[in-house]
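Below is entry_38.pdb, holding PDB, C-alpha atoms.
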MODEL        1
ATOM      1  CA  MET U   1      -8.468  -4.473 -28.719  1.00  0.00           C
ATOM      2  CA  ALA U   2      -5.990  -2.683 -26.445  1.00  0.00           C
ATOM      3  CA  SER U   3      -4.382  -4.519 -23.558  1.00  0.00           C
ATOM      4  CA  GLU U   4      -2.550  -3.443 -20.455  1.00  0.00           C
ATOM      5  CA  LEU U   5       0.351  -5.124 -18.722  1.00  0.00           C
ATOM      6  CA  ARG U   6       0.913  -4.228 -15.050  1.00  0.00           C
ATOM      7  CA  VAL U   7       4.211  -5.273 -13.502  1.00  0.00           C
ATOM      8  CA  ASN U   8       6.491  -3.934 -10.773  1.00  0.00           C
ATOM      9  CA  THR U   9       9.764  -5.456 -11.956  1.00  0.00           C
ATOM     10  CA  LEU U  10      11.258  -6.427 -15.310  1.00  0.00           C
ATOM     11  CA  LYS U  11      13.842  -9.231 -15.685  1.00  0.00           C
ATOM     12  CA  ASP U  12      15.890 -10.467 -18.615  1.00  0.00           C
ATOM     13  CA  ALA U  13      15.115 -13.818 -20.286  1.00  0.00           C
ATOM     14  CA  SER U  14      17.310 -15.770 -17.837  1.00  0.00           C
ATOM     15  CA  GLY U  15      15.504 -14.279 -14.823  1.00  0.00           C
ATOM     16  CA  ASN U  16      18.446 -12.071 -13.840  1.00  0.00           C
ATOM     17  CA  ASN U  17      19.186  -8.353 -14.049  1.00  0.00           C
ATOM     18  CA  SER U  18      15.920  -7.051 -12.652  1.00  0.00           C
ATOM     19  CA  VAL U  19      14.865  -3.420 -12.706  1.00  0.00           C
ATOM     20  CA  ALA U  20      11.787  -1.688 -11.323  1.00  0.00           C
ATOM     21  CA  THR U  21       9.459  -0.289 -13.983  1.00  0.00           C
ATOM     22  CA  SER U  22       9.662   3.101 -12.223  1.00  0.00           C
ATOM     23  CA  VAL U  23      13.394   3.185 -13.049  1.00  0.00           C
ATOM     24  CA  VAL U  24      12.638   2.496 -16.701  1.00  0.00           C
ATOM     25  CA  PHE U  25       9.997   5.221 -16.837  1.00  0.00           C
ATOM     26  CA  ASN U  26      11.774   7.862 -14.734  1.00  0.00           C
ATOM     27  CA  GLY U  27      15.319   7.144 -15.864  1.00  0.00           C
ATOM     28  CA  THR U  28      14.909   7.148 -19.620  1.00  0.00           C
ATOM     29  CA  CYS U  29      15.713  10.113 -21.808  1.00  0.00           C
ATOM     30  CA  LYS U  30      12.435  11.832 -22.726  1.00  0.00           C
ATOM     31  CA  VAL U  31      13.795  13.918 -25.628  1.00  0.00           C
ATOM     32  CA  TRP U  32      17.000  13.646 -27.642  1.00  0.00           C
ATOM     33  CA  VAL U  33      18.363  14.733 -30.991  1.00  0.00           C
ATOM     34  CA  ASN U  34      21.636  14.613 -32.911  1.00  0.00           C
ATOM     35  CA  PHE U  35      21.615  17.209 -35.704  1.00  0.00           C
ATOM     36  CA  ASP U  36      23.730  19.259 -38.070  1.00  0.00           C
ATOM     37  CA  GLY U  37      23.431  22.784 -36.688  1.00  0.00           C
ATOM     38  CA  THR U  38      25.312  24.659 -39.391  1.00  0.00           C
ATOM     39  CA  ALA U  39      23.539  27.690 -40.770  1.00  0.00           C
ATOM     40  CA  GLY U  40      20.837  26.888 -43.265  1.00  0.00           C
ATOM     41  CA  SER U  41      21.155  23.103 -43.106  1.00  0.00           C
ATOM     42  CA  LEU U  42      19.533  21.985 -39.810  1.00  0.00           C
ATOM     43  CA  SER U  43      19.036  18.289 -40.434  1.00  0.00           C
ATOM     44  CA  ALA U  44      18.491  15.588 -37.805  1.00  0.00           C
ATOM     45  CA  ARG U  45      20.636  12.486 -37.992  1.00  0.00           C
ATOM     46  CA  ASP U  46      18.405  10.765 -35.433  1.00  0.00           C
ATOM     47  CA  SER U  47      15.969  11.861 -32.720  1.00  0.00           C
ATOM     48  CA  TYR U  48      13.243  10.929 -30.252  1.00  0.00           C
ATOM     49  CA  ASN U  49      10.201  13.016 -29.236  1.00  0.00           C
ATOM     50  CA  ILE U  50      11.274  15.946 -31.447  1.00  0.00           C
ATOM     51  CA  ALA U  51       8.534  17.897 -33.228  1.00  0.00           C
ATOM     52  CA  SER U  52      10.794  20.625 -34.609  1.00  0.00           C
ATOM     53  CA  PHE U  53      14.095  22.389 -34.272  1.00  0.00           C
ATOM     54  CA  THR U  54      14.809  25.940 -35.351  1.00  0.00           C
ATOM     55  CA  ASP U  55      17.941  27.921 -36.153  1.00  0.00           C
ATOM     56  CA  VAL U  56      17.298  31.226 -34.337  1.00  0.00           C
ATOM     57  CA  GLY U  57      20.748  32.644 -35.156  1.00  0.00           C
ATOM     58  CA  THR U  58      24.415  31.670 -35.035  1.00  0.00           C
ATOM     59  CA  GLY U  59      24.702  29.031 -32.306  1.00  0.00           C
ATOM     60  CA  ASN U  60      21.138  29.738 -31.158  1.00  0.00           C
ATOM     61  CA  HIS U  61      18.634  26.864 -31.477  1.00  0.00           C
ATOM     62  CA  ASN U  62      15.166  25.887 -30.250  1.00  0.00           C
ATOM     63  CA  VAL U  63      14.029  22.259 -30.004  1.00  0.00           C
ATOM     64  CA  GLY U  64      10.264  21.594 -29.874  1.00  0.00           C
ATOM     65  CA  PHE U  65       8.855  18.434 -28.268  1.00  0.00           C
ATOM     66  CA  THR U  66       6.242  16.080 -29.736  1.00  0.00           C
ATOM     67  CA  SER U  67       5.031  15.193 -26.214  1.00  0.00           C
ATOM     68  CA  ASN U  68       5.285  18.004 -23.660  1.00  0.00           C
ATOM     69  CA  MET U  69       7.161  17.834 -20.396  1.00  0.00           C
ATOM     70  CA  ASN U  70       5.235  17.983 -17.095  1.00  0.00           C
ATOM     71  CA  ASN U  71       6.853  21.320 -16.145  1.00  0.00           C
ATOM     72  CA  ASP U  72       9.792  23.509 -17.157  1.00  0.00           C
ATOM     73  CA  ASP U  73      12.087  22.227 -14.377  1.00  0.00           C
ATOM     74  CA  TYR U  74      13.578  19.356 -16.391  1.00  0.00           C
ATOM     75  CA  SER U  75      17.283  18.867 -17.037  1.00  0.00           C
ATOM     76  CA  GLY U  76      18.767  19.592 -20.469  1.00  0.00           C
ATOM     77  CA  CYS U  77      22.255  18.737 -21.668  1.00  0.00           C
ATOM     78  CA  VAL U  78      23.737  19.947 -24.959  1.00  0.00           C
ATOM     79  CA  THR U  79      27.131  19.377 -26.573  1.00  0.00           C
ATOM     80  CA  GLY U  80      28.537  20.131 -29.990  1.00  0.00           C
ATOM     81  CA  ALA U  81      31.554  19.946 -32.232  1.00  0.00           C
ATOM     82  CA  SER U  82      32.510  21.383 -35.580  1.00  0.00           C
ATOM     83  CA  ASP U  83      34.875  20.308 -38.308  1.00  0.00           C
ATOM     84  CA  SER U  84      37.439  22.949 -37.357  1.00  0.00           C
ATOM     85  CA  TYR U  85      37.418  22.507 -33.560  1.00  0.00           C
ATOM     86  CA  GLU U  86      38.137  19.249 -31.760  1.00  0.00           C
ATOM     87  CA  ASN U  87      35.951  19.943 -28.720  1.00  0.00           C
ATOM     88  CA  SER U  88      34.144  23.046 -29.746  1.00  0.00           C
ATOM     89  CA  SER U  89      30.953  23.932 -27.966  1.00  0.00           C
ATOM     90  CA  LEU U  90      28.919  24.013 -24.819  1.00  0.00           C
ATOM     91  CA  ALA U  91      25.401  25.265 -24.215  1.00  0.00           C
ATOM     92  CA  SER U  92      24.574  28.400 -22.298  1.00  0.00           C
ATOM     93  CA  GLU U  93      21.462  30.461 -21.571  1.00  0.00           C
ATOM     94  CA  ALA U  94      19.048  27.526 -21.675  1.00  0.00           C
ATOM     95  CA  ARG U  95      15.425  28.572 -22.207  1.00  0.00           C
ATOM     96  CA  THR U  96      12.936  25.991 -20.949  1.00  0.00           C
ATOM     97  CA  THR U  97       9.186  25.661 -21.460  1.00  0.00           C
ATOM     98  CA  THR U  98       6.994  22.570 -21.215  1.00  0.00           C
ATOM     99  CA  SER U  99       6.992  22.279 -25.017  1.00  0.00           C
ATOM    100  CA  ALA U 100      10.493  23.425 -26.054  1.00  0.00           C
ATOM    101  CA  PHE U 101      14.125  23.836 -25.048  1.00  0.00           C
ATOM    102  CA  GLY U 102      16.227  26.698 -26.381  1.00  0.00           C
ATOM    103  CA  PHE U 103      19.992  26.990 -26.096  1.00  0.00           C
ATOM    104  CA  PHE U 104      22.977  28.994 -27.287  1.00  0.00           C
ATOM    105  CA  MET U 105      26.214  27.275 -28.350  1.00  0.00           C
ATOM    106  CA  PHE U 106      29.609  28.939 -27.877  1.00  0.00           C
ATOM    107  CA  LEU U 107      33.195  27.926 -28.609  1.00  0.00           C
ATOM    108  CA  ASN U 108      35.289  26.718 -25.680  1.00  0.00           C
ATOM    109  CA  ALA U 109      38.369  28.563 -26.873  1.00  0.00           C
ATOM    110  CA  SER U 110      36.935  32.007 -27.676  1.00  0.00           C
ATOM    111  CA  ASP U 111      33.412  32.230 -26.205  1.00  0.00           C
ATOM    112  CA  ALA U 112      32.192  33.144 -29.711  1.00  0.00           C
ATOM    113  CA  SER U 113      28.817  31.838 -30.874  1.00  0.00           C
ATOM    114  CA  SER U 114      29.094  28.641 -32.897  1.00  0.00           C
ATOM    115  CA  ASP U 115      27.076  26.660 -35.430  1.00  0.00           C
ATOM    116  CA  ASN U 116      28.219  23.040 -35.213  1.00  0.00           C
ATOM    117  CA  THR U 117      28.261  20.149 -37.651  1.00  0.00           C
ATOM    118  CA  VAL U 118      27.328  17.927 -34.690  1.00  0.00           C
ATOM    119  CA  THR U 119      24.913  19.203 -32.034  1.00  0.00           C
ATOM    120  CA  CYS U 120      23.426  16.784 -29.486  1.00  0.00           C
ATOM    121  CA  CYS U 121      20.646  17.623 -27.035  1.00  0.00           C
ATOM    122  CA  GLN U 122      19.161  15.381 -24.316  1.00  0.00           C
ATOM    123  CA  ILE U 123      16.279  16.121 -21.939  1.00  0.00           C
ATOM    124  CA  GLN U 124      15.609  14.268 -18.667  1.00  0.00           C
ATOM    125  CA  GLY U 125      12.445  14.845 -16.655  1.00  0.00           C
ATOM    126  CA  ASP U 126       8.776  13.903 -16.425  1.00  0.00           C
ATOM    127  CA  LEU U 127       6.465  13.880 -19.414  1.00  0.00           C
ATOM    128  CA  ALA U 128       3.049  15.519 -18.986  1.00  0.00           C
TER
ENDMDL
END
Have the structure of the file written as C-alpha cells, please.
Amino acid sequence: MASELRVNTLKDASGNNSVATSVVFNGTCKVWVNFDGTAGSLSARDSYNIASFTDVGTGNHNVGFTSNMNNDDYSGCVTGASDSYENSSLASEARTTTSAFGFFMFLNASDASSDNTVTCCQIQGDLA
C-alpha cells in the first residue's frame, strides 16, 4: 500500500536547520553525470537521471534523461579535464530539448575540440 507524506518544512533530528520542501524540490540537481569522455570509451563513473550518453564526435556529446525536463529552458553546466591539461575544457554550443542535453567541449588554451578523461554535466530546472 502506497502512502503519502505532506509537509511544508523539514528539520533535522534535533529540530534545527529547517528547510521548506519547495527548496528541496526546486533546488536539487535534476540530472548529473561524471564520465570518461575519451573517444570510444564513454563510461559513467556515477550519475543520476541519465538514460544514455553518446559520443557524437571529438568533444561533442549528448546526454539523454531518464525523466524528462518540463521544458527546454533549464540550466546546464559542463566542465572537463584531461590527463594532459590541468584545466582543460569548457562547454559551448549547448543543445537543449526536454529529453536531452548536447554540448561541445573545447580546450581553454587553444579552442580545439577536446575529449576528456573527466567530463561532468549538471542540469538544474523543473522535471515534467
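With only C-alpha atoms as the atoms that count, the residue of U:Asn71, U:Thr21, U:Ser114, U:Gln122 with the shortest distance to U:Gly57 is U:Ser114.
What separates atom CA of U:Met69 from atom CA of U:Thr97 is a distance of 8.2 Å.
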Worksheet entry | Proximity to U:Gly125 - best of U:Leu10, U:Ala20, U:Cys29, U:Ala2, all atoms listed in the file |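 Of U:Leu10, U:Ala20, U:Cys29, U:Ala2, the one nearest U:Gly125 is U:Cys29, counting all atoms listed in the file.
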Which residues come within 6 Å of U:Ile123, counting only C-alpha atoms, excluding same-chain residues fewer than 5 positions away, as a PDB file with C-alpha atoms, keeping the file's coordinate frame?
ATOM      1  CA  LYS U  30      12.435  11.832 -22.726  1.00  0.00           C
ATOM      2  CA  VAL U  31      13.795  13.918 -25.628  1.00  0.00           C
ATOM      3  CA  SER U  75      17.283  18.867 -17.037  1.00  0.00           C
ATOM      4  CA  GLY U  76      18.767  19.592 -20.469  1.00  0.00           C
TER       5      GLY U  76
END
Item to complete: Spell out the residues picked by the PyMOL selection byres ((chain U and resi 48) around 12) here, as an NGL selection string.
Response: :U and (28-35 or 44-47 or 49-52 or 63-67 or 120-123)
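If you measure from each of U:Ser22, U:Thr79, U:Asn68, U:Asn60 to U:Val7 using all atoms listed in the file, the closest one turns out to be U:Ser22.
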Discussion item. Here is a test: counting all atoms listed in the file, which residue of U:Asp36, U:Lys11, U:Gly59, U:Ser43 is nearest to U:Val24?
Written reply: U:Lys11
Fill in: Selection result of the PyMOL selection byres ((chain U and resi 62) around 8) on this file, as an MDAnalysis selection string
chainID U and resid 53:56 60:61 63:64 100:103
Discussion item. Measuring between all atoms listed in the file, which one of U:Thr38, U:Ala94, U:Tyr74, U:Ser99 shows the shortest distance to U:Val118?
Written reply: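 For U:Val118, the nearest of the candidates is U:Thr38.
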Discussion item. Set the distance at 6 Å and use all atoms listed in the file: which residues neighbour U:Gly37 once local chain neighbours fewer than 2 positions away are removed? I'd like the list as a list in words.
Written reply: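 Near neighbours after the sequence-gap exclusion: Phe35, Leu42, Asp115, Asn116 and Thr117 of chain U.
Going from atom CA of U:Phe25 to atom CA of U:Gly80 covers 27.2 Å.
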Discussion item. Taking only C-alpha atoms into account, name the residue in U:Asn8, U:Ser18, U:Asn26, U:Asn70 that is nearest to U:Thr98.
Written reply: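 The closest residue to U:Thr98 is U:Asn70.
Across the model, the gap from atom CA of U:Ala81 to atom CA of U:Thr119 is 6.7 Å.
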With 6 Å added on each side, what axis-aligned box encloses every listed atom of stretch 42-59 of chain U? Give the centre and edge lengths in Å to one decimal, as AutoDock Vina command-line options.
--center_x 16.6 --center_y 21.7 --center_z -34.8 --size_x 28.2 --size_y 33.9 --size_z 23.2
Using C-alpha atoms, give me stretch 47-127 of chain U from the structure I just pasted, as a PDB file, in the first residue's frame.
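Contents of decode11.pdb, freshly written:
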ATOM      1  CA  SER U  47      25.162   9.552 -12.473  1.00  0.00           C
ATOM      2  CA  TYR U  48      21.568  10.464 -11.672  1.00  0.00           C
ATOM      3  CA  ASN U  49      18.589  10.540 -14.073  1.00  0.00           C
ATOM      4  CA  ILE U  50      20.769   9.574 -17.062  1.00  0.00           C
ATOM      5  CA  ALA U  51      19.249   7.249 -19.664  1.00  0.00           C
ATOM      6  CA  SER U  52      22.122   7.467 -22.147  1.00  0.00           C
ATOM      7  CA  PHE U  53      25.104   9.455 -23.279  1.00  0.00           C
ATOM      8  CA  THR U  54      26.532   9.473 -26.777  1.00  0.00           C
ATOM      9  CA  ASP U  55      29.871  10.418 -28.306  1.00  0.00           C
ATOM     10  CA  VAL U  56      28.814  12.421 -31.390  1.00  0.00           C
ATOM     11  CA  GLY U  57      32.395  13.369 -32.318  1.00  0.00           C
ATOM     12  CA  THR U  58      35.549  14.780 -30.745  1.00  0.00           C
ATOM     13  CA  GLY U  59      34.395  16.819 -27.744  1.00  0.00           C
ATOM     14  CA  ASN U  60      30.764  16.531 -28.865  1.00  0.00           C
ATOM     15  CA  HIS U  61      28.389  14.667 -26.515  1.00  0.00           C
ATOM     16  CA  ASN U  62      24.657  14.161 -25.963  1.00  0.00           C
ATOM     17  CA  VAL U  63      23.200  13.212 -22.574  1.00  0.00           C
ATOM     18  CA  GLY U  64      19.701  11.666 -22.527  1.00  0.00           C
ATOM     19  CA  PHE U  65      17.457  11.911 -19.452  1.00  0.00           C
ATOM     20  CA  THR U  66      15.526   9.079 -17.786  1.00  0.00           C
ATOM     21  CA  SER U  67      12.844  11.557 -16.634  1.00  0.00           C
ATOM     22  CA  ASN U  68      12.231  14.488 -18.985  1.00  0.00           C
ATOM     23  CA  MET U  69      12.500  18.131 -18.060  1.00  0.00           C
ATOM     24  CA  ASN U  70       9.365  20.322 -18.067  1.00  0.00           C
ATOM     25  CA  ASN U  71      10.715  22.478 -20.929  1.00  0.00           C
ATOM     26  CA  ASP U  72      13.989  23.197 -22.722  1.00  0.00           C
ATOM     27  CA  ASP U  73      14.741  26.362 -20.707  1.00  0.00           C
ATOM     28  CA  TYR U  74      16.684  24.613 -17.936  1.00  0.00           C
ATOM     29  CA  SER U  75      20.246  25.449 -16.935  1.00  0.00           C
ATOM     30  CA  GLY U  76      23.119  23.130 -17.872  1.00  0.00           C
ATOM     31  CA  CYS U  77      26.690  23.313 -16.627  1.00  0.00           C
ATOM     32  CA  VAL U  78      29.545  21.214 -18.019  1.00  0.00           C
ATOM     33  CA  THR U  79      33.235  21.043 -17.125  1.00  0.00           C
ATOM     34  CA  GLY U  80      36.035  18.713 -18.100  1.00  0.00           C
ATOM     35  CA  ALA U  81      39.692  17.903 -17.732  1.00  0.00           C
ATOM     36  CA  SER U  82      42.120  15.584 -19.439  1.00  0.00           C
ATOM     37  CA  ASP U  83      45.318  13.902 -18.376  1.00  0.00           C
ATOM     38  CA  SER U  84      47.454  16.308 -20.401  1.00  0.00           C
ATOM     39  CA  TYR U  85      45.765  19.602 -19.449  1.00  0.00           C
ATOM     40  CA  GLU U  86      45.341  20.867 -15.900  1.00  0.00           C
ATOM     41  CA  ASN U  87      42.134  22.826 -16.520  1.00  0.00           C
ATOM     42  CA  SER U  88      41.233  21.779 -19.989  1.00  0.00           C
ATOM     43  CA  SER U  89      37.683  22.242 -21.136  1.00  0.00           C
ATOM     44  CA  LEU U  90      34.512  24.239 -21.116  1.00  0.00           C
ATOM     45  CA  ALA U  91      31.205  23.591 -22.836  1.00  0.00           C
ATOM     46  CA  SER U  92      29.924  25.575 -25.769  1.00  0.00           C
ATOM     47  CA  GLU U  93      27.003  25.360 -28.195  1.00  0.00           C
ATOM     48  CA  ALA U  94      24.612  23.713 -25.741  1.00  0.00           C
ATOM     49  CA  ARG U  95      21.681  21.968 -27.433  1.00  0.00           C
ATOM     50  CA  THR U  96      18.669  21.575 -25.150  1.00  0.00           C
ATOM     51  CA  THR U  97      15.489  19.529 -25.517  1.00  0.00           C
ATOM     52  CA  THR U  98      13.133  18.254 -22.826  1.00  0.00           C
ATOM     53  CA  SER U  99      14.738  14.804 -23.066  1.00  0.00           C
ATOM     54  CA  ALA U 100      18.433  15.526 -23.750  1.00  0.00           C
ATOM     55  CA  PHE U 101      21.301  17.981 -23.414  1.00  0.00           C
ATOM     56  CA  GLY U 102      24.023  18.204 -26.046  1.00  0.00           C
ATOM     57  CA  PHE U 103      27.310  20.047 -25.672  1.00  0.00           C
ATOM     58  CA  PHE U 104      30.686  20.589 -27.300  1.00  0.00           C
ATOM     59  CA  MET U 105      33.894  20.622 -25.234  1.00  0.00           C
ATOM     60  CA  PHE U 106      36.893  22.749 -26.235  1.00  0.00           C
ATOM     61  CA  LEU U 107      40.337  23.358 -24.755  1.00  0.00           C
ATOM     62  CA  ASN U 108      40.850  26.589 -22.825  1.00  0.00           C
ATOM     63  CA  ALA U 109      44.298  27.137 -24.284  1.00  0.00           C
ATOM     64  CA  SER U 110      43.669  26.507 -27.994  1.00  0.00           C
ATOM     65  CA  ASP U 111      39.892  26.430 -28.591  1.00  0.00           C
ATOM     66  CA  ALA U 112      40.384  22.983 -30.168  1.00  0.00           C
ATOM     67  CA  SER U 113      37.733  20.318 -29.610  1.00  0.00           C
ATOM     68  CA  SER U 114      38.559  18.002 -26.721  1.00  0.00           C
ATOM     69  CA  ASP U 115      37.654  14.535 -25.468  1.00  0.00           C
ATOM     70  CA  ASN U 116      38.257  14.488 -21.714  1.00  0.00           C
ATOM     71  CA  THR U 117      39.079  11.767 -19.220  1.00  0.00           C
ATOM     72  CA  VAL U 118      36.767  13.597 -16.796  1.00  0.00           C
ATOM     73  CA  THR U 119      33.572  15.233 -18.074  1.00  0.00           C
ATOM     74  CA  CYS U 120      30.922  16.431 -15.605  1.00  0.00           C
ATOM     75  CA  CYS U 121      27.448  17.651 -16.545  1.00  0.00           C
ATOM     76  CA  GLN U 122      24.742  19.037 -14.226  1.00  0.00           C
ATOM     77  CA  ILE U 123      21.199  20.130 -15.096  1.00  0.00           C
ATOM     78  CA  GLN U 124      19.023  22.416 -12.946  1.00  0.00           C
ATOM     79  CA  GLY U 125      15.369  23.037 -13.753  1.00  0.00           C
ATOM     80  CA  ASP U 126      11.887  21.566 -13.407  1.00  0.00           C
ATOM     81  CA  LEU U 127      11.093  17.954 -14.177  1.00  0.00           C
TER      82      LEU U 127
END
